[in-house]
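Visitor: Next up, structure_9.cif (mmCIF, C-alpha atoms and all ligand atoms).
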data_model
loop_
_atom_site.label_atom_id
_atom_site.label_comp_id
_atom_site.auth_asym_id
_atom_site.auth_seq_id
_atom_site.Cartn_x
_atom_site.Cartn_y
_atom_site.Cartn_z
CA MET A 1 -21.00 8.80 16.78
CA LYS A 2 -20.33 5.93 19.20
CA CYS A 3 -18.60 2.58 18.81
CA ARG A 4 -21.21 -0.14 18.37
CA THR A 5 -19.18 -2.55 20.49
CA CYS A 6 -18.12 -0.50 23.52
CA GLY A 7 -19.94 2.83 23.26
CA ALA A 8 -16.73 4.88 23.30
CA LYS A 9 -16.16 7.63 20.74
CA ALA A 10 -16.03 6.10 17.25
CA ALA A 11 -12.86 6.52 15.18
CA VAL A 12 -14.33 5.10 11.96
CA ASN A 13 -17.86 5.49 10.65
CA MET A 14 -18.71 3.07 7.82
CA ARG A 15 -21.98 4.33 6.36
CA GLN A 16 -21.88 1.47 3.85
CA HIS A 17 -22.17 -1.06 6.69
CA LYS A 18 -24.16 1.20 9.06
CA LEU A 19 -21.34 0.54 11.51
CA ALA A 20 -19.18 2.85 13.62
CA LEU A 21 -16.25 1.56 15.69
CA CYS A 22 -13.60 2.93 18.00
CA LYS A 23 -9.94 2.51 17.08
CA GLN A 24 -9.45 -0.71 19.01
CA HIS A 25 -12.61 -2.37 17.82
CA PHE A 26 -12.00 -1.33 14.21
CA LEU A 27 -8.48 -2.82 14.38
CA ASP A 28 -10.04 -6.04 15.71
CA TRP A 29 -12.90 -6.01 13.17
CA VAL A 30 -10.66 -5.91 10.06
CA PRO A 31 -8.76 -9.19 10.73
CA ILE A 32 -11.97 -10.91 11.87
CA GLN A 33 -13.64 -9.95 8.60
CA THR A 34 -10.57 -10.97 6.59
CA ALA A 35 -10.54 -14.39 8.27
CA ARG A 36 -14.24 -14.75 7.36
CA PHE A 37 -13.56 -13.93 3.69
CA ILE A 38 -10.57 -16.33 3.58
CA LYS A 39 -12.84 -19.08 4.85
CA LYS A 40 -15.92 -18.17 2.82
CA TYR A 41 -14.07 -18.14 -0.50
CA ARG A 42 -11.82 -21.08 0.52
CA MET A 43 -8.66 -19.07 -0.11
CA PHE A 44 -6.18 -21.07 1.98
CA GLY A 45 -5.74 -23.00 5.19
CA PRO A 46 -3.35 -22.49 8.11
CA GLU A 47 -1.00 -25.18 6.85
CA GLU A 48 -0.46 -23.57 3.45
CA ARG A 49 2.47 -21.31 2.55
CA VAL A 50 1.37 -17.89 1.37
CA LEU A 51 3.42 -15.43 -0.66
CA VAL A 52 2.12 -11.87 -0.28
CA ALA A 53 2.96 -9.49 -3.12
CA VAL A 54 3.88 -6.30 -1.27
CA SER A 55 4.21 -3.02 -3.11
CA GLY A 56 4.83 -0.73 -0.13
CA GLY A 57 1.30 0.69 -0.47
CA LYS A 58 -1.36 0.66 2.27
CA ASP A 59 -3.30 -2.33 0.95
CA SER A 60 -0.54 -4.89 0.54
CA LEU A 61 1.31 -3.84 3.73
CA SER A 62 -1.97 -4.04 5.66
CA LEU A 63 -2.69 -7.43 4.13
CA TRP A 64 0.70 -8.71 5.25
CA ASP A 65 0.08 -7.27 8.71
CA ILE A 66 -3.38 -8.88 8.94
CA LEU A 67 -2.21 -12.33 7.79
CA HIS A 68 0.64 -12.14 10.27
CA ARG A 69 -1.78 -11.20 13.07
CA LEU A 70 -4.05 -14.09 12.07
CA GLY A 71 -1.10 -16.48 12.40
CA TYR A 72 -0.69 -17.50 8.75
CA GLN A 73 2.69 -18.42 7.29
CA ALA A 74 3.00 -15.41 5.00
CA ASP A 75 6.26 -14.29 3.39
CA GLY A 76 6.54 -11.16 1.26
CA LEU A 77 7.61 -10.53 -2.32
CA TYR A 78 8.67 -7.06 -3.43
CA LEU A 79 9.29 -6.38 -7.11
CA GLY A 80 11.70 -3.55 -7.86
CA LEU A 81 10.28 -1.91 -10.96
CA GLY A 82 12.76 0.95 -11.30
CA ILE A 83 10.14 3.72 -11.39
CA ASP A 84 11.62 7.03 -10.37
CA GLU A 85 10.06 9.98 -12.24
CA GLY A 86 11.98 12.33 -10.00
CA LEU A 87 10.03 11.12 -6.95
CA GLY A 88 12.08 8.03 -6.12
CA TYR A 89 8.81 6.05 -6.15
CA SER A 90 10.35 2.55 -6.32
CA ASP A 91 13.22 3.31 -3.93
CA GLU A 92 10.84 4.66 -1.31
CA SER A 93 8.33 1.82 -1.66
CA ARG A 94 11.16 -0.71 -1.29
CA ARG A 95 12.50 1.07 1.79
CA LEU A 96 9.08 1.03 3.46
CA THR A 97 8.51 -2.65 2.60
CA GLU A 98 11.92 -3.64 3.97
CA GLN A 99 11.30 -1.56 7.08
CA PHE A 100 7.97 -3.31 7.69
CA ALA A 101 9.54 -6.76 7.24
CA ARG A 102 12.34 -5.88 9.67
CA GLN A 103 10.00 -4.43 12.28
CA HIS A 104 7.82 -7.55 12.27
CA GLY A 105 10.56 -10.13 11.77
CA LEU A 106 9.04 -11.29 8.46
CA LYS A 107 10.74 -12.90 5.50
CA LEU A 108 10.86 -10.76 2.35
CA HIS A 109 11.98 -11.82 -1.13
CA ILE A 110 13.13 -9.02 -3.39
CA VAL A 111 13.34 -9.26 -7.17
CA ASP A 112 14.77 -6.33 -9.05
CA VAL A 113 13.52 -6.29 -12.64
CA GLN A 114 16.49 -4.36 -14.02
CA ALA A 115 19.05 -6.57 -12.25
CA THR A 116 17.25 -9.68 -13.52
CA TYR A 117 16.37 -8.69 -17.08
CA GLY A 118 18.63 -5.74 -17.85
CA TYR A 119 15.95 -3.04 -18.03
CA ASP A 120 13.61 -1.22 -15.66
CA ILE A 121 9.90 -0.77 -16.47
CA PRO A 122 10.11 2.70 -18.08
CA THR A 123 12.94 1.51 -20.37
CA LEU A 124 11.16 -1.74 -21.24
CA SER A 125 8.09 0.29 -22.08
CA ALA A 126 9.99 2.78 -24.23
CA LEU A 127 11.75 -0.04 -26.10
CA THR A 128 8.64 -2.09 -26.75
CA HIS A 129 5.93 0.50 -27.31
CA ARG A 130 7.88 3.14 -29.14
CA GLY A 131 4.82 4.89 -30.58
CA GLN A 132 2.56 4.61 -27.56
CA ASN A 133 4.61 4.46 -24.41
CA ARG A 134 2.39 2.68 -21.86
CA PRO A 135 4.48 1.80 -18.78
CA CYS A 136 1.52 0.51 -16.72
CA ALA A 137 0.57 -2.06 -19.39
CA VAL A 138 4.16 -3.35 -19.59
CA CYS A 139 4.37 -3.22 -15.80
CA GLY A 140 1.24 -5.38 -15.48
CA VAL A 141 2.69 -8.09 -17.72
CA VAL A 142 6.02 -8.07 -15.84
CA LYS A 143 4.43 -8.11 -12.38
CA ARG A 144 2.10 -10.98 -13.21
CA HIS A 145 4.90 -13.03 -14.74
CA GLU A 146 7.35 -12.42 -11.91
CA MET A 147 4.81 -13.11 -9.16
CA ASN A 148 3.88 -16.41 -10.86
CA ARG A 149 7.52 -17.32 -11.39
CA ILE A 150 8.67 -16.68 -7.83
CA ALA A 151 5.65 -18.37 -6.24
CA ARG A 152 6.22 -21.46 -8.41
CA ASP A 153 10.03 -21.59 -8.05
CA LEU A 154 9.93 -21.16 -4.28
CA GLY A 155 7.10 -23.65 -3.84
CA TYR A 156 4.39 -21.39 -2.37
CA ASP A 157 0.82 -22.75 -2.39
CA VAL A 158 -0.84 -19.37 -2.65
CA LEU A 159 -0.08 -15.92 -4.01
CA ALA A 160 -1.97 -13.11 -2.26
CA THR A 161 -2.35 -9.56 -3.55
CA GLY A 162 -3.72 -6.47 -1.84
CA HIS A 163 -6.53 -5.65 -4.30
CA ASN A 164 -9.37 -3.94 -2.41
CA LEU A 165 -13.05 -3.46 -3.28
CA ASP A 166 -12.40 -0.20 -5.16
CA ASP A 167 -9.82 -1.97 -7.36
CA GLU A 168 -12.12 -4.90 -8.01
CA ALA A 169 -15.23 -2.81 -8.64
CA SER A 170 -13.33 -0.59 -11.05
CA VAL A 171 -12.03 -3.54 -13.09
CA LEU A 172 -15.47 -5.12 -12.98
CA PHE A 173 -17.06 -1.89 -14.20
CA GLY A 174 -14.61 -1.72 -17.13
CA ASN A 175 -15.17 -5.35 -18.07
CA THR A 176 -18.92 -4.91 -17.80
CA LEU A 177 -19.00 -1.82 -19.99
CA SER A 178 -17.52 -3.91 -22.78
CA TRP A 179 -19.05 -7.23 -21.67
CA GLN A 180 -15.73 -9.04 -21.61
CA ALA A 181 -17.19 -12.41 -20.63
CA GLU A 182 -13.89 -14.26 -20.43
CA PHE A 183 -12.41 -11.63 -18.08
CA LEU A 184 -15.61 -11.51 -16.02
CA LEU A 185 -15.47 -15.24 -15.57
CA ARG A 186 -11.93 -15.14 -14.24
CA GLN A 187 -12.39 -12.11 -11.98
CA GLY A 188 -13.03 -13.20 -8.43
CA PRO A 189 -11.51 -13.52 -4.97
CA VAL A 190 -9.78 -16.78 -5.95
CA LEU A 191 -8.17 -18.03 -9.14
CA PRO A 192 -7.49 -21.76 -8.71
CA ALA A 193 -3.98 -23.18 -9.13
CA HIS A 194 -3.29 -24.66 -12.54
CA ASP A 195 -0.34 -25.73 -14.65
CA GLY A 196 2.21 -25.28 -11.87
CA LEU A 197 0.98 -21.79 -10.98
CA ALA A 198 0.04 -21.05 -7.39
CA ARG A 199 -3.56 -20.26 -6.47
CA LYS A 200 -4.18 -16.50 -6.52
CA VAL A 201 -6.23 -14.85 -3.82
CA LYS A 202 -7.43 -11.36 -2.91
CA PRO A 203 -8.33 -11.43 0.80
CA LEU A 204 -9.10 -7.67 0.89
CA CYS A 205 -11.52 -7.70 -2.05
CA ARG A 206 -14.52 -6.81 0.14
CA PHE A 207 -12.90 -3.90 1.97
CA TYR A 208 -13.45 -0.36 0.73
CA GLU A 209 -10.24 1.50 -0.05
CA LYS A 210 -11.00 4.01 2.70
CA GLU A 211 -11.32 1.16 5.20
CA MET A 212 -7.82 0.00 4.29
CA THR A 213 -6.49 3.55 4.58
CA ALA A 214 -8.02 3.79 8.05
CA TYR A 215 -6.53 0.42 9.00
CA ALA A 216 -3.01 1.35 7.87
CA LEU A 217 -3.16 4.74 9.60
CA LEU A 218 -4.63 3.44 12.86
CA ARG A 219 -2.14 0.55 12.95
CA GLY A 220 0.69 3.03 12.42
CA ILE A 221 1.88 1.32 9.25
CA GLU A 222 4.19 3.57 7.26
CA TYR A 223 3.31 3.24 3.58
CA ILE A 224 3.91 5.09 0.34
CA TYR A 225 1.11 7.61 -0.20
CA GLU A 226 1.76 8.28 -3.86
CA GLU A 227 0.13 6.25 -6.59
CA CYS A 228 2.29 5.00 -9.44
CA PRO A 229 3.26 8.24 -11.26
CA PHE A 230 2.34 6.66 -14.60
CA SER A 231 -1.20 5.82 -13.51
CA ALA A 232 -2.44 9.43 -13.64
CA GLY A 233 -5.32 9.72 -16.08
CA SER A 234 -5.85 5.96 -16.32
CA THR A 235 -9.30 4.53 -16.98
CA THR A 236 -9.06 2.57 -13.72
CA ILE A 237 -8.84 5.81 -11.77
CA TYR A 238 -11.66 7.34 -13.83
CA TYR A 239 -13.94 4.37 -13.09
CA LYS A 240 -13.04 4.59 -9.40
CA GLU A 241 -14.14 8.23 -9.39
CA LEU A 242 -17.43 7.38 -11.11
CA LEU A 243 -18.13 4.59 -8.63
CA ASN A 244 -17.28 6.90 -5.74
CA ARG A 245 -19.91 9.35 -6.95
CA LEU A 246 -22.44 6.55 -7.02
CA GLU A 247 -21.34 5.37 -3.58
CA ASN A 248 -21.64 8.86 -2.21
CA ASP A 249 -25.30 9.04 -3.21
CA ARG A 250 -26.07 5.45 -2.30
CA PRO A 251 -23.81 4.07 0.44
CA GLY A 252 -23.16 0.38 -0.13
CA ALA A 253 -23.72 0.51 -3.92
CA LYS A 254 -20.11 -0.38 -4.70
CA LEU A 255 -20.11 -3.44 -2.50
CA ALA A 256 -23.50 -4.54 -3.82
CA PHE A 257 -22.24 -4.19 -7.42
CA TYR A 258 -19.33 -6.53 -6.67
CA LEU A 259 -21.19 -9.03 -4.50
CA LYS A 260 -24.13 -9.31 -6.90
CA PHE A 261 -21.64 -10.00 -9.67
CA LEU A 262 -20.01 -12.80 -7.65
CA GLU A 263 -23.45 -14.23 -6.98
CA ALA A 264 -24.43 -14.11 -10.66
CA ARG A 265 -21.15 -15.74 -11.63
CA GLU A 266 -21.66 -18.43 -9.03
CA ASN A 267 -25.12 -19.06 -10.47
CA GLY A 268 -23.70 -19.79 -13.88
CA LEU A 269 -23.81 -16.49 -15.75
CA PHE A 270 -20.84 -16.49 -18.20
CA ARG A 271 -20.50 -20.25 -17.72
CA SER A 272 -20.62 -20.91 -21.47
CA SER A 273 -17.32 -19.06 -21.90
CA LEU A 274 -15.64 -21.15 -19.21
CA ASP A 275 -13.79 -23.53 -21.50
CA SER A 276 -12.53 -20.93 -23.90
CA SER A 277 -11.28 -18.72 -21.06
CA GLN A 278 -8.76 -21.24 -19.78
CA PRO A 279 -5.26 -20.76 -21.15
CA MET A 280 -4.63 -23.77 -23.37
CA TYR A 281 -0.94 -23.59 -24.12
CA ASN A 282 2.33 -23.35 -22.22
CA CYS A 283 5.03 -20.88 -23.09
CA PRO A 284 7.97 -22.91 -24.50
CA SER A 285 10.41 -20.51 -22.86
CA CYS A 286 9.17 -20.05 -19.26
CA GLY A 287 6.47 -22.74 -19.02
CA GLN A 288 3.73 -20.39 -17.82
CA PRO A 289 0.24 -20.87 -19.32
CA THR A 290 -0.70 -18.72 -22.31
CA GLN A 291 -3.87 -18.07 -24.25
CA TYR A 292 -2.17 -18.48 -27.63
CA GLU A 293 0.38 -20.88 -29.05
CA GLY A 294 4.00 -19.72 -28.83
CA LYS A 295 5.88 -17.64 -26.30
CA CYS A 296 3.94 -15.70 -23.67
CA SER A 297 3.73 -11.91 -23.86
CA PHE A 298 6.43 -11.50 -21.21
CA CYS A 299 8.95 -13.72 -23.00
CA ARG A 300 8.15 -12.09 -26.35
CA MET A 301 8.80 -8.70 -24.80
CA ILE A 302 12.12 -9.75 -23.27
CA GLU A 303 13.17 -11.35 -26.56
CA LYS A 304 12.36 -8.15 -28.41
CA VAL A 305 14.64 -6.02 -26.23
CA GLN A 306 17.60 -8.42 -26.11
CA PRO A 307 20.59 -7.13 -28.06
CA ALA A 308 21.00 -9.15 -31.31
P1 LIG B 401 -1.56 -2.57 -8.60
O1 LIG B 401 -1.37 -3.51 -9.73
O2 LIG B 401 -0.50 -1.54 -8.50
O3 LIG B 401 -2.94 -2.05 -8.47
O4 LIG B 401 -1.35 -3.47 -7.31
C1 LIG B 401 -2.17 -4.54 -7.00
C2 LIG B 401 -1.45 -5.49 -6.08
O5 LIG B 401 -0.31 -6.01 -6.75
C3 LIG B 401 -0.90 -4.85 -4.82
O6 LIG B 401 -1.87 -4.80 -3.80
C4 LIG B 401 0.23 -5.78 -4.48
O7 LIG B 401 -0.26 -6.94 -3.83
C5 LIG B 401 0.76 -6.18 -5.84
N1 LIG B 401 1.90 -5.32 -6.26
C6 LIG B 401 1.86 -4.15 -6.94
N2 LIG B 401 3.09 -3.64 -7.14
C7 LIG B 401 3.96 -4.52 -6.57
C8 LIG B 401 5.38 -4.58 -6.41
N3 LIG B 401 6.18 -3.63 -6.90
N4 LIG B 401 5.91 -5.64 -5.76
C9 LIG B 401 5.11 -6.62 -5.26
N5 LIG B 401 3.78 -6.61 -5.37
C10 LIG B 401 3.20 -5.60 -6.01
FE1 LIG B 402 3.64 -0.09 -12.65
FE2 LIG B 402 2.12 2.04 -13.38
S1 LIG B 402 4.04 1.49 -14.10
S2 LIG B 402 1.62 0.37 -12.08
ZN ZN B 403 -15.13 0.16 20.81
ZN ZN B 404 7.08 -17.14 -21.20
#
Write the structure described by the file as C-alpha cells, please.
Ligand code: AMP
Ligand code: FES
Ligand code: ZN
Ligand code: ZN
Guide:
Amino acid sequence: MKCRTCGAKAAVNMRQHKLALCKQHFLDWVPIQTARFIKKYRMFGPEERVLVAVSGGKDSLSLWDILHRLGYQADGLYLGLGIDEGLGYSDESRRLTEQFARQHGLKLHIVDVQATYGYDIPTLSALTHRGQNRPCAVCGVVKRHEMNRIARDLGYDVLATGHNLDDEASVLFGNTLSWQAEFLLRQGPVLPAHDGLARKVKPLCRFYEKEMTAYALLRGIEYIYEECPFSAGSTTIYYKELLNRLENDRPGAKLAFYLKFLEARENGLFRSSLDSSQPMYNCPSCGQPTQYEGKCSFCRMIEKVQPA
C-alpha cells in the first residue's frame, strides 16, 4: 500500500476513506481535517480562548497537540478524580498530562476533586449510590460540572473535549435505540454557549478511534493506555463493539451513521422537542443551568455527603 500523496510506503490505511498515507502525510492530514471541521461546524475562531479538557488519554492529548500545532490559544484542564483501583490510574494520567504540558510549554489547570470537595469519585459514588455503586455515572456528573465551572470562572470562550467518532456513534446508537429525542437534539459537534456556560465543542468527532490512536503513536505522544477501570462492561463499550462489527463488514458505516444523523438533525428532525430540551432553571447554589427547579444534581450530591 502506497501513500496517496507521495507514493512512499503507507503507514496508515484508512479503508473507511479509501485513503492510505505515509507517516508524514498522515500527521499533516489530521490537523488539516481538524481545521476543516472546526470551520465547518463553526466551533471557534483564532481569537477565542479555548480550554481543552485533558484526561491523559490519546484523544484529548492529541486534540491539545493538534490545536497547538494549528496555532490556537488552547490551555488544558486536568481533573483529578482519585481513581486508583490498584493501577494508579489517576496518578499516571495526571503525570502524563503534566509531562505533555511541560514538553510543549503549555498552560495546564489542575483541579483535584478530593482536595476541592473532600471526596474522590469512588468514595462519592459509594456514599451516594449505596445500593448500586456506579462510579462512572457519578464521575460524569462531576466532570461536567467542574469543566463548566472552571471554563466560566476563568473566562474561557470554548470548552473542547476529545470525544472521537466511536464515542459519538456509540452514544448516538444508545440514544437512538430508546429514541431519546431531547438527547439526540443536543448531541452534536457544538453545544452553543448559554447562561454563562462556555460553548462546548468536539473537534475530533469525525475521526475514528483508530485514527486517533495512530496519530498519538506516530506523533510519539505518551498517553495512558488503560480505560477507566470502572468502565469495564459498560453499555458504551458494548455499543462500540457492535458498531465495530458493522464497520468491519461495511467500512465507512460508522461515519455515515453519525453524519446522516447530523444531516437529519440539521433538516429539522427532532425540532419539535427543541424548546423542552433547553434547561429552564438555574441551580440556586452554583448557578449552572438545570432541567428541573432546585439544586442541580452535582450540588445535591455534594450536599448529601456533607457531614451534618
Ligand atoms: P470520557 O468521558 O472519559 O469518555 O472522556 C471524554 C472527554 O472528557 C475526554 O476526551 C476529555 O476531553 C474529557 N475528560 C475525561 N476525563 C477527564 C479528566 N480527568 N480531566 C479532564 N478532562 C477529562
Ligand atoms: Fe470516571 Fe469511569 S469513573 S469514567
Ligand atoms: Zn506521503
Ligand atoms: Zn449546582
Visitor: Around ligand ZN 403 (chain B), out to 8 Å and counting only C-alpha atoms and all ligand atoms, which residues are there? I want them as an NGL selection string.
Guide: :A and (2-10 or 21-26)
Visitor: Applying 9 Å and all atoms listed in the file, which residues near A:Glu85 remain after dropping the ones on its own chain fewer than 2 positions away? List them as a list of chain:residue names.
Guide: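 Listed by chain and then number, they are A:Ile83, A:Leu87, A:Gly88, A:Tyr89, A:Pro229, A:Phe230.
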Visitor: Please determine the residues with any atom at most 7 Å from (13.4, -8.1, -1.8) (coordinates as given in the file, with all atoms listed in the file counting) and report them as a list in words.
Guide: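 Residues with an atom at most 7 Å from (13.4, -8.1, -1.8): Leu77, Tyr78, Leu79, Leu108, His109, Ile110 and Val111 of chain A.
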Visitor: Give me the residues of chain A that have any atom at most 6 Å from an atom of ligand LIG 401 (chain B); for each, the nearest atom pair and the distance in Å, rounded to one decimal. Use only C-alpha atoms and all ligand atoms, sort by chain and number, and format it as a Markdown table.
Guide:
| residue | atom | partner | partner_atom | distance |
| --- | --- | --- | --- | --- |
| A:Ala53 | CA | B:LIG401 | N5 | 3.7 |
| A:Val54 | CA | B:LIG401 | N5 | 4.1 |
| A:Ser55 | CA | B:LIG401 | C7 | 3.8 |
| A:Asp59 | CA | B:LIG401 | O6 | 5.5 |
| A:Ser60 | CA | B:LIG401 | O6 | 4.5 |
| A:Leu77 | CA | B:LIG401 | C9 | 5.5 |
| A:Tyr78 | CA | B:LIG401 | N4 | 3.9 |
| A:Leu79 | CA | B:LIG401 | N4 | 3.7 |
| A:Gly80 | CA | B:LIG401 | N3 | 5.6 |
| A:Thr161 | CA | B:LIG401 | O7 | 3.4 |
| A:Gly162 | CA | B:LIG401 | O6 | 3.2 |
| A:His163 | CA | B:LIG401 | O6 | 4.8 |
Visitor: Can I get the residues close to ligand LIG 402 (chain B) as an mmCIF file with C-alpha atoms, in the frame of the given file, where close means within 12 Å and we count all atoms listed in the file?
Guide:
data_model
loop_
_atom_site.group_PDB
_atom_site.id
_atom_site.type_symbol
_atom_site.label_atom_id
_atom_site.label_comp_id
_atom_site.auth_asym_id
_atom_site.auth_seq_id
_atom_site.Cartn_x
_atom_site.Cartn_y
_atom_site.Cartn_z
ATOM 1 C CA SER A 55 4.210 -3.020 -3.110
ATOM 2 C CA GLY A 57 1.300 0.690 -0.470
ATOM 3 C CA LEU A 79 9.290 -6.380 -7.110
ATOM 4 C CA GLY A 80 11.700 -3.550 -7.860
ATOM 5 C CA LEU A 81 10.280 -1.910 -10.960
ATOM 6 C CA GLY A 82 12.760 0.950 -11.300
ATOM 7 C CA ILE A 83 10.140 3.720 -11.390
ATOM 8 C CA ASP A 84 11.620 7.030 -10.370
ATOM 9 C CA GLU A 85 10.060 9.980 -12.240
ATOM 10 C CA TYR A 89 8.810 6.050 -6.150
ATOM 11 C CA SER A 90 10.350 2.550 -6.320
ATOM 12 C CA VAL A 113 13.520 -6.290 -12.640
ATOM 13 C CA ASP A 120 13.610 -1.220 -15.660
ATOM 14 C CA ILE A 121 9.900 -0.770 -16.470
ATOM 15 C CA PRO A 122 10.110 2.700 -18.080
ATOM 16 C CA THR A 123 12.940 1.510 -20.370
ATOM 17 C CA LEU A 124 11.160 -1.740 -21.240
ATOM 18 C CA SER A 125 8.090 0.290 -22.080
ATOM 19 C CA ALA A 126 9.990 2.780 -24.230
ATOM 20 C CA ASN A 133 4.610 4.460 -24.410
ATOM 21 C CA ARG A 134 2.390 2.680 -21.860
ATOM 22 C CA PRO A 135 4.480 1.800 -18.780
ATOM 23 C CA CYS A 136 1.520 0.510 -16.720
ATOM 24 C CA ALA A 137 0.570 -2.060 -19.390
ATOM 25 C CA VAL A 138 4.160 -3.350 -19.590
ATOM 26 C CA CYS A 139 4.370 -3.220 -15.800
ATOM 27 C CA GLY A 140 1.240 -5.380 -15.480
ATOM 28 C CA VAL A 141 2.690 -8.090 -17.720
ATOM 29 C CA VAL A 142 6.020 -8.070 -15.840
ATOM 30 C CA LYS A 143 4.430 -8.110 -12.380
ATOM 31 C CA ARG A 144 2.100 -10.980 -13.210
ATOM 32 C CA GLU A 226 1.760 8.280 -3.860
ATOM 33 C CA GLU A 227 0.130 6.250 -6.590
ATOM 34 C CA CYS A 228 2.290 5.000 -9.440
ATOM 35 C CA PRO A 229 3.260 8.240 -11.260
ATOM 36 C CA PHE A 230 2.340 6.660 -14.600
ATOM 37 C CA SER A 231 -1.200 5.820 -13.510
ATOM 38 C CA ALA A 232 -2.440 9.430 -13.640
ATOM 39 C CA GLY A 233 -5.320 9.720 -16.080
ATOM 40 C CA SER A 234 -5.850 5.960 -16.320
ATOM 41 C CA THR A 236 -9.060 2.570 -13.720
ATOM 42 C CA ILE A 237 -8.840 5.810 -11.770
#
Visitor: Set the cut-off to 7 Å, count only C-alpha atoms and all ligand atoms, and list whatever residues fall near ligand ZN 404 (chain B) as a list in words.
Guide: Cys283, Pro284, Ser285, Cys286, Gly287, Gln288, Lys295, Cys296, Ser297, Phe298 and Cys299 of chain A
Visitor: Between atom CA of A:Met212 and atom CA of A:Ser62, what distance in Å does the model show, to one decimal?
Guide: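 Going from atom CA of A:Met212 over to atom CA of A:Ser62, I get 7.2 Å.
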